[in-house]
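> This structure is in structure tokens; I'll ask about it shortly.
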Amino acid sequence: MCVARTLDGGEHYLVTNVNFDPETLLFHPNITEVVLAYDSEHSDLYVSSNFGADWESLSTGVHEYVWDYLDKEATVYYETDEGNSTFLWKATIDATNRISNYKFESLGPIETNSLVLNNQFIFVEKQLNQSDTTGEGGLFVSYERGDFAEAMFPLKTQEQHYLIADASEQQALVAVYHYDNLTNLYTSDASGHSYSLSLQNLRGSDIDTWRTRSATVELVKIEGIRGTYIANRLDPVSSDPRYWPVFTQITYDKGGTWKFIQRPPYDSQGNPNDNCTISEDCNLNLRIDQPSRSGVYSNEHALGMIVAHGNSGKYLNSYWWGQYYSNVYLSRDAGFTWTEEFYRGSYEYSFLDHGGVIVAVSRYSSNTVYTKSITFSCTEGLSWREMNISVNNLYVIGMLTEPGSTTLEATVFAKTPGIFVEWLIIQLNFSVLVDVTCQDEDYVDWIPSDERQGGHCLLGEMATYERRKPEVCCFNGRDYDRPTTISACPCKLQDFDCDVGFEKLTTDSPCTLADGTVPPEAPIVCPEGDSYELTLGYRLIPGDKCEGGDFHAYAPRTYACPIRAPTSLLLTSASEFYRVGETVRISLSQGYGSERSTVYSWNFGDSHTLQLTGLSNSESVTHSYTATGVYQIQLSAANAGGVNDVSILVSVLDEIQRASFSSDRILIVGLREEFDASYTLLYDSDDIGTISYEWEVGTDRTVTSPSPVLTHKFLSAGNVTIRLKVSNEVSLANSISTVLLHSSSDNLRIPQDGQSYAVSSRVSITLVATDNVPLPTQGVSYKWDTGEEGAEEQTTSNPTLTFQYNTRGDKTIKVHSVSTEDGTTINHVVSGTIHIIPEIGDVTSLHHTGTTDETLSVNLTIKDMNKQPYVGPVTLLITDDTNNDWEYNNHEFYVTDGTLMFTLSPLSKYTTYKIQLSLVNAVSNFYNSLEVSRVRNTDQSVVITLHWVDIPADTEVEVWEQLVKDSVTQEIMDNIPIESWRLFVDLSVQEEQGYTIHVRLLPHNNTEEGMQELLNLLEEINQLFVHTHDIVISGSTGTQTIPVISSTVDDGLNNVQQVYTLIGLAVGIPILLVVFVLLLIPFVVCGVIYIRKYKKVSHAYSRLRQTRANNFMFTHDGMDDEDDEPPVSLAGEKGAKGAKGGNVKYDLDDNFERTGLDNPSDA
């Protein structure tokens, strides 16, 4: 699309391409460079400030737009859509095409296409809520571009639609459609906000045109004559408004008074009309529903001239068979008198040369005859001439003149009849016919008159105009400037119309109070000492210029404002809440009533009062309170007109000094946690107001709540900063704390981990936090894997499980918690191991052997409470009567088959010891004792073999064996002199095979003589039993004889004798050789023993390397007997798998046994 413009009268055109369709161009009335373009297809409005060279989008969704021609700047008002509503905007465009927009936000939505700008008034209709039948919405007016205010109309009849009929001469004429084609005309005050009824039953278009904003009313202003209007009214002669007849009235005081138009005394043929008066309905009715140039036509340059169609009679003729039965009438004195010029016809007419020439041409209609000519008059209708404009008949469509009607040129638009239509433009120039220029003597003064006033005053002024004499046919000229003289008239009744709320019952009746209107009285707002005006029912017509005369007879009366009781009192304070000692400022406002003489008495509710005179002294008072509480501040305002009271409540509140919060359990990710807030007060009173809690949890969220409890579901683990604000209306306290959020098994443990429990016992297992904060019991459930083979998963609502274990072994317990809200896991699995072990039920087969220089071997048989071989850890406790520190005291062993074997280190003293052995585990204990007699380790003994005999039925095994040893001992004591020797008798039993008795002697000393004497005594003992064939056993049940099978001496001195032999052989060698040999032999012997022991220990070590301890130390008992298999001890330090140290004994015959470790599984 494009816009073409010319700067040289059309000689050349400049074309600007645009991206919109400019259907309509609207130039600014004063600034020629500024133009609006409207794209009706898209409802978009564009503006150019350089005569169309460049364009900017002003707004979209535009309906109505209009230039503000009173503004010196380029300002446009427009309506635009926003959603389902329409709003009013204003835009100002500067010379650079920069647009400044302003929205009338406070006005709110308006009715589409309701914008009207007319002189100093801007009108819009507020959007009417269709569900509201009260008529809310209404007409809003801006006066001199001020704020919009609602227009006030007197009648109670609902207002539905509005039409601004005219807004010239400082007054608005508004037609209001009420209902059922009832339309009234109202005149405004100077501001356009207050309206009085001017004319009822004004004729207008039907309701559909009102709804579409295309309505019209039959009201026309007579151009150039102030306050003169012609209107058509409906006569409500029936119940159906559609059939009401129409009559015409005229007003010279802008709607203050309307009167009928008297018909001409003669018709167009010069025949006199019948004698009649206006009262007899012989009036003139004019057509206003025609186009302007064929209806009632006037022009401000043709002063006082009016041409109109109409008819005489009571009512206006109706439309009949395609035409109105109308004549053409002419008035030369602004409608005061009329002449009938043409009979029956429809004409288009124009004024030329300031009204000096009147042109009439038959206007085309469906039954109009063709025409070839026009009719004109240069004598104001005193005579008419006809002039042909075509040789053929034409249909005349219309006629135009140059704006202002100051020339003698006119343009006729016509078309030819027939099928092939030819459009014609005919230019008429009457300068050939009217070629005489008017002279001074051709003019006369003319004063418009209004017969009701009996003078020539219109709207308080008498205007004297110069006008050409009707009978002189001369040319005024384009530049003719009509002299005018204006003078003020004295005020009369005709210069007033009815004030708001008043009406005239008839044309000539006085203004009286309208039905339902409250009589005027002093305004509610009337300050003491001021005055006010009280209407008498009249107001000066806006724009009326009258002076003096009867002005004071109709003007409002002035009265002094009365003393009125103070009303609409209001107390306010900056706040409703205060602290103790804080200044409370109370403000007083008074809506109505007297102020200067009023006494204001204050009571602050705490025994303090105050009295002040005059509102200016009482508008603001202050007070402070010394204690918390709710106080009612009362004010009493009194004067001669009356008294009124008002009060206000203020609360003096306690102050929050400190805030804190806490949680009573461990905080876990994924679970809704609760925090409880608390606070302390300055005065510890009950006046605390409304306590508000604001929580800020990390960066997750901020929560404001009246509740002191925050419930929050944390999403991630770690430290989270929680901020708490506790406040009331007068104080605020903060608390900031960092809490630890636990996830997975963070800081959670099973305290029973590593503990031991008896088989078949009920074990209470718990899940706790390392900081001993209770775990939650709400919104969570705990899932337990007990580690018991075949047992199902257990579920509890709290972190404790009681379970009975029926099998031994290490039980790995696993527990995790889940949210009962959404089933998600709160913490991952926490595990721990407990040891289920049997109780020790019995320990038997206590046995010991050994001499002074050898270890004591002990073999124990252990059974559990079910008489089954014991399997599990035991701790060995060893005590004796001399408080020796035994090697395996308080060591732990792990029993795998119900037997426990261990050795005790040799003693250094030749004494007999009573040893108490205790076997304990975590769930039970067992005690037993034995007596040990120790001799020197000579490895020499008498071995006596006795025949097997059955043990008497009533004798215990241990007792029987002791009786056997006692009998052997007694036999030796009775026959061998061993008083100075210590005798040891040991017994071993091979059931159903016999008894083996080892007899040992402890020598007095370790000399060779002592050893030889020991051998001699052993041989005597041997010989004793060789010759003794029976051993007699004496017990409580009698005696029993045990045959002796054999007796031999077990020679254990071989090693010692070898040493002695080596020494004897060395005696004969020279001294150096003796010394050398003596030095060499110990090293050789020790080296051989060490190498042999090292190989065995190395073999044990290679087996033990596969264990998981980090650090071990090997020890052995230092025995040097080749045939003996000495035990090797392994001391372990803390290492992998949490080993806590202990001893491991490994016999070199590859039997591995673990002792003394805190946890058997750590080996």
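Residues in the structure tokens are named by chain (A, B, ... in the order shown) and by number from 1 within that chain; ligands are numbered from 1 in the order shown.
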When DSSP is applied to the backbone of this structure, which of region 332-395 of chain A are assigned strand (DSSP E)? Write them out as a list in words.

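The residues of region 332-395 of chain A classed as strand (DSSP E) are Thr339, Glu340, Glu341, Phe342, Tyr347, Glu348, Tyr349, Ser350, Phe351, Leu352, Val357, Ile358, Val359, Ala360, Val361, Ser362, Ser373, Ile374, Thr375, Phe376, Ser377, Arg385, Glu386, Met387, Asn388 and Tyr395 of chain A.
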
> Filtering to N, CA, C and O atoms, could you give me those residues as a short mmCIF file (atom, residue, chain, number, x, y, z; two decimals), in the first residue's frame?


data_model
loop_
_atom_site.label_atom_id
_atom_site.label_comp_id
_atom_site.auth_asym_id
_atom_site.auth_seq_id
_atom_site.Cartn_x
_atom_site.Cartn_y
_atom_site.Cartn_z
N THR A 339 -41.67 32.33 4.60
CA THR A 339 -42.45 32.43 3.35
C THR A 339 -42.39 31.09 2.65
O THR A 339 -41.42 30.34 2.78
N GLU A 340 -43.47 30.80 1.94
CA GLU A 340 -43.50 29.57 1.16
C GLU A 340 -43.01 29.88 -0.23
O GLU A 340 -43.57 30.69 -0.94
N GLU A 341 -41.93 29.14 -0.67
CA GLU A 341 -41.29 29.47 -1.94
C GLU A 341 -41.67 28.49 -3.04
O GLU A 341 -41.90 28.89 -4.19
N PHE A 342 -41.68 27.19 -2.75
CA PHE A 342 -42.01 26.21 -3.77
C PHE A 342 -43.06 25.26 -3.20
O PHE A 342 -43.03 24.90 -2.01
N TYR A 347 -35.89 19.52 -2.94
CA TYR A 347 -34.86 20.35 -3.52
C TYR A 347 -33.56 20.27 -2.71
O TYR A 347 -33.56 20.04 -1.48
N GLU A 348 -32.50 20.47 -3.44
CA GLU A 348 -31.17 20.69 -2.84
C GLU A 348 -30.88 22.17 -2.99
O GLU A 348 -31.07 22.74 -4.07
N TYR A 349 -30.42 22.83 -1.92
CA TYR A 349 -30.20 24.27 -2.01
C TYR A 349 -28.89 24.64 -1.33
O TYR A 349 -28.36 23.95 -0.47
N SER A 350 -28.41 25.82 -1.81
CA SER A 350 -27.15 26.36 -1.28
C SER A 350 -27.23 27.88 -1.27
O SER A 350 -28.02 28.49 -2.00
N PHE A 351 -26.36 28.46 -0.38
CA PHE A 351 -26.21 29.92 -0.33
C PHE A 351 -24.87 30.27 -0.96
O PHE A 351 -23.85 29.62 -0.72
N LEU A 352 -24.90 31.34 -1.78
CA LEU A 352 -23.68 31.87 -2.40
C LEU A 352 -23.53 33.33 -2.01
O LEU A 352 -24.50 34.01 -1.62
N VAL A 357 -27.11 35.07 -2.95
CA VAL A 357 -27.72 34.26 -3.98
C VAL A 357 -28.17 32.96 -3.35
O VAL A 357 -27.40 32.31 -2.60
N ILE A 358 -29.40 32.54 -3.62
CA ILE A 358 -29.94 31.27 -3.18
C ILE A 358 -30.15 30.42 -4.42
O ILE A 358 -30.81 30.85 -5.37
N VAL A 359 -29.58 29.18 -4.42
CA VAL A 359 -29.70 28.27 -5.56
C VAL A 359 -30.48 27.06 -5.11
O VAL A 359 -30.20 26.47 -4.06
N ALA A 360 -31.49 26.66 -5.94
CA ALA A 360 -32.28 25.46 -5.64
C ALA A 360 -32.34 24.61 -6.90
O ALA A 360 -32.51 25.14 -8.00
N VAL A 361 -32.22 23.27 -6.68
CA VAL A 361 -32.29 22.34 -7.79
C VAL A 361 -33.08 21.12 -7.33
O VAL A 361 -32.97 20.69 -6.18
N SER A 362 -33.94 20.62 -8.24
CA SER A 362 -34.72 19.44 -7.88
C SER A 362 -33.78 18.27 -7.58
O SER A 362 -32.92 17.91 -8.40
N SER A 373 -32.77 22.23 -15.42
CA SER A 373 -32.48 23.60 -15.00
C SER A 373 -32.33 23.69 -13.50
O SER A 373 -32.62 22.76 -12.74
N ILE A 374 -31.87 24.87 -13.10
CA ILE A 374 -31.81 25.23 -11.68
C ILE A 374 -32.62 26.51 -11.50
O ILE A 374 -32.92 27.23 -12.48
N THR A 375 -32.97 26.77 -10.24
CA THR A 375 -33.70 27.99 -9.90
C THR A 375 -32.86 28.78 -8.92
O THR A 375 -32.30 28.20 -7.97
N PHE A 376 -32.74 30.10 -9.08
CA PHE A 376 -31.93 30.90 -8.15
C PHE A 376 -32.61 32.24 -7.93
O PHE A 376 -33.46 32.68 -8.71
N SER A 377 -32.18 32.85 -6.82
CA SER A 377 -32.72 34.17 -6.45
C SER A 377 -31.58 34.99 -5.90
O SER A 377 -30.79 34.51 -5.08
N ARG A 385 -35.42 33.10 -10.58
CA ARG A 385 -35.15 32.95 -11.99
C ARG A 385 -34.71 31.52 -12.25
O ARG A 385 -34.10 30.86 -11.41
N GLU A 386 -34.97 31.05 -13.46
CA GLU A 386 -34.63 29.69 -13.83
C GLU A 386 -33.54 29.73 -14.90
O GLU A 386 -33.59 30.56 -15.81
N MET A 387 -32.57 28.77 -14.83
CA MET A 387 -31.48 28.72 -15.77
C MET A 387 -31.21 27.27 -16.13
O MET A 387 -31.09 26.40 -15.26
N ASN A 388 -31.15 26.99 -17.49
CA ASN A 388 -30.85 25.64 -17.94
C ASN A 388 -29.37 25.31 -17.72
O ASN A 388 -28.49 26.15 -17.96
N TYR A 395 -30.59 13.49 -13.59
CA TYR A 395 -30.88 13.23 -12.17
C TYR A 395 -29.84 13.99 -11.35
O TYR A 395 -28.64 13.69 -11.43
#

> Per DSSP on the backbone, filter region 530-691 of chain A down to the residues in helix (DSSP H, G or I) and report them as a PyMOL selection string.

chain A and resi 551-554+615-618

> Those residues with C-alpha atoms, as a PDB file, in the first residue's frame please?


ATOM      1  CA  PHE A 551     -31.091  39.306  37.613  1.00  0.00           C
ATOM      2  CA  HIS A 552     -31.528  39.396  41.378  1.00  0.00           C
ATOM      3  CA  ALA A 553     -35.170  38.377  41.063  1.00  0.00           C
ATOM      4  CA  TYR A 554     -34.090  34.989  39.707  1.00  0.00           C
ATOM      5  CA  LEU A 615     -10.960  21.888  64.778  1.00  0.00           C
ATOM      6  CA  SER A 616      -7.631  23.410  63.769  1.00  0.00           C
ATOM      7  CA  ASN A 617      -6.387  22.885  67.336  1.00  0.00           C
ATOM      8  CA  SER A 618      -7.702  19.324  67.560  1.00  0.00           C
TER       9      SER A 618
END

> Would you mind listing what lies within 7 Å of Arg579 (chain A) as an NGL selection string, with only C-alpha atoms counted and same-chain residues fewer than 4 positions away left out?

:A and (652-654 or 730)

> Convert the current residue selection to file output with all heavy atoms, as a PDB file, in the first residue's frame.


ATOM      1  N   VAL A 652      -1.393  -1.107  73.083  1.00  0.00           N
ATOM      2  CA  VAL A 652      -0.007  -0.962  73.523  1.00  0.00           C
ATOM      3  C   VAL A 652       0.493  -2.360  73.856  1.00  0.00           C
ATOM      4  O   VAL A 652      -0.002  -2.998  74.791  1.00  0.00           O
ATOM      5  CB  VAL A 652       0.099  -0.018  74.728  1.00  0.00           C
ATOM      6  CG1 VAL A 652       1.544   0.131  75.157  1.00  0.00           C
ATOM      7  CG2 VAL A 652      -0.505   1.337  74.385  1.00  0.00           C
ATOM      8  N   LEU A 653       1.438  -2.838  73.092  1.00  0.00           N
ATOM      9  CA  LEU A 653       1.817  -4.245  73.139  1.00  0.00           C
ATOM     10  C   LEU A 653       3.175  -4.449  73.795  1.00  0.00           C
ATOM     11  O   LEU A 653       4.031  -3.555  73.824  1.00  0.00           O
ATOM     12  CB  LEU A 653       1.858  -4.822  71.718  1.00  0.00           C
ATOM     13  CG  LEU A 653       0.570  -4.710  70.897  1.00  0.00           C
ATOM     14  CD1 LEU A 653       0.773  -5.331  69.536  1.00  0.00           C
ATOM     15  CD2 LEU A 653      -0.596  -5.371  71.630  1.00  0.00           C
ATOM     16  N   ASP A 654       3.333  -5.653  74.295  1.00  0.00           N
ATOM     17  CA  ASP A 654       4.624  -6.090  74.817  1.00  0.00           C
ATOM     18  C   ASP A 654       5.592  -6.283  73.654  1.00  0.00           C
ATOM     19  O   ASP A 654       5.181  -6.515  72.512  1.00  0.00           O
ATOM     20  CB  ASP A 654       4.449  -7.399  75.585  1.00  0.00           C
ATOM     21  CG  ASP A 654       5.478  -7.542  76.698  1.00  0.00           C
ATOM     22  OD1 ASP A 654       6.552  -6.917  76.577  1.00  0.00           O
ATOM     23  OD2 ASP A 654       5.218  -8.281  77.665  1.00  0.00           O
ATOM     24  N   VAL A 730       4.727  -4.457  66.929  1.00  0.00           N
ATOM     25  CA  VAL A 730       5.616  -3.396  67.413  1.00  0.00           C
ATOM     26  C   VAL A 730       7.057  -3.844  67.570  1.00  0.00           C
ATOM     27  O   VAL A 730       7.915  -3.026  67.925  1.00  0.00           O
ATOM     28  CB  VAL A 730       5.102  -2.846  68.764  1.00  0.00           C
ATOM     29  CG1 VAL A 730       3.717  -2.254  68.608  1.00  0.00           C
ATOM     30  CG2 VAL A 730       5.096  -3.927  69.836  1.00  0.00           C
TER      31      VAL A 730
END

> Can you pull out the residues contacting region 144-148 of chain A? Cut-off 8 Å, using only C-alpha atoms, and skip same-chain residues under 5 positions away; I want them as an mmCIF file with N, CA, C and O atoms, in the first residue's frame.


data_model
loop_
_atom_site.group_PDB
_atom_site.id
_atom_site.type_symbol
_atom_site.label_atom_id
_atom_site.label_comp_id
_atom_site.auth_asym_id
_atom_site.auth_seq_id
_atom_site.Cartn_x
_atom_site.Cartn_y
_atom_site.Cartn_z
ATOM 1 N N LEU A 107 -10.652 6.200 34.848
ATOM 2 C CA LEU A 107 -11.970 6.218 34.216
ATOM 3 C C LEU A 107 -12.540 4.818 34.078
ATOM 4 O O LEU A 107 -13.750 4.611 34.173
ATOM 5 N N GLN A 120 -14.875 22.654 24.586
ATOM 6 C CA GLN A 120 -14.193 22.415 25.844
ATOM 7 C C GLN A 120 -14.634 21.129 26.555
ATOM 8 O O GLN A 120 -14.178 20.843 27.657
ATOM 9 N N PHE A 121 -15.512 20.361 25.943
ATOM 10 C CA PHE A 121 -16.034 19.152 26.571
ATOM 11 C C PHE A 121 -15.488 17.896 25.884
ATOM 12 O O PHE A 121 -15.317 17.861 24.665
ATOM 13 N N ILE A 122 -15.238 16.866 26.704
ATOM 14 C CA ILE A 122 -14.976 15.520 26.199
ATOM 15 C C ILE A 122 -15.977 14.596 26.883
ATOM 16 O O ILE A 122 -16.102 14.596 28.118
#

> Report as JSON, numbers by chain all protein, DNA and RNA residues lying within 6 Å of Ile230 (chain A), evaluated on only C-alpha atoms, omitting residues in the same chain fewer than 3 positions from it.

{"A": [219, 220, 249, 250]}

> With C-alpha atoms kept, could you save the residues just selected as a compact mmCIF listing (two decimals), in the first residue's frame?


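New file again.txt:
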# COMPACT_ATOMS: atom_id res chain seq x y z
CA LEU A 219 -32.47 18.87 16.37
CA VAL A 220 -30.68 21.47 14.26
CA GLN A 249 -40.67 23.96 17.75
CA ILE A 250 -37.98 26.62 17.89

> Which polymer residues have any atom within 8 Å of an atom of Ala334 (chain A), counting only C-alpha atoms, with same-chain residues fewer than 3 positions away left out, as a ChimeraX atom specification?

/A:222,225,228,303-306,331,337,448

> For a test of reading the model, state the distance in Å between CA of Leu963 (chain A) and CA of Ser1034 (chain A), rounded to one decimal.

7.3 Å

> What separation in Å, quoted to one decimal, exists between CA of Ser761 (chain A) and CA of Asp810 (chain A)?

14.3 Å

> Can you list, as a VMD selection string, every protein, DNA or RNA residue that comes within 10 Å of Ile972 (chain A) when you count only C-alpha atoms, leaving out same-chain residues fewer than 2 positions away?

chain A and resid 966 to 970 974 to 978 983 999 1020 to 1022 1024 to 1025
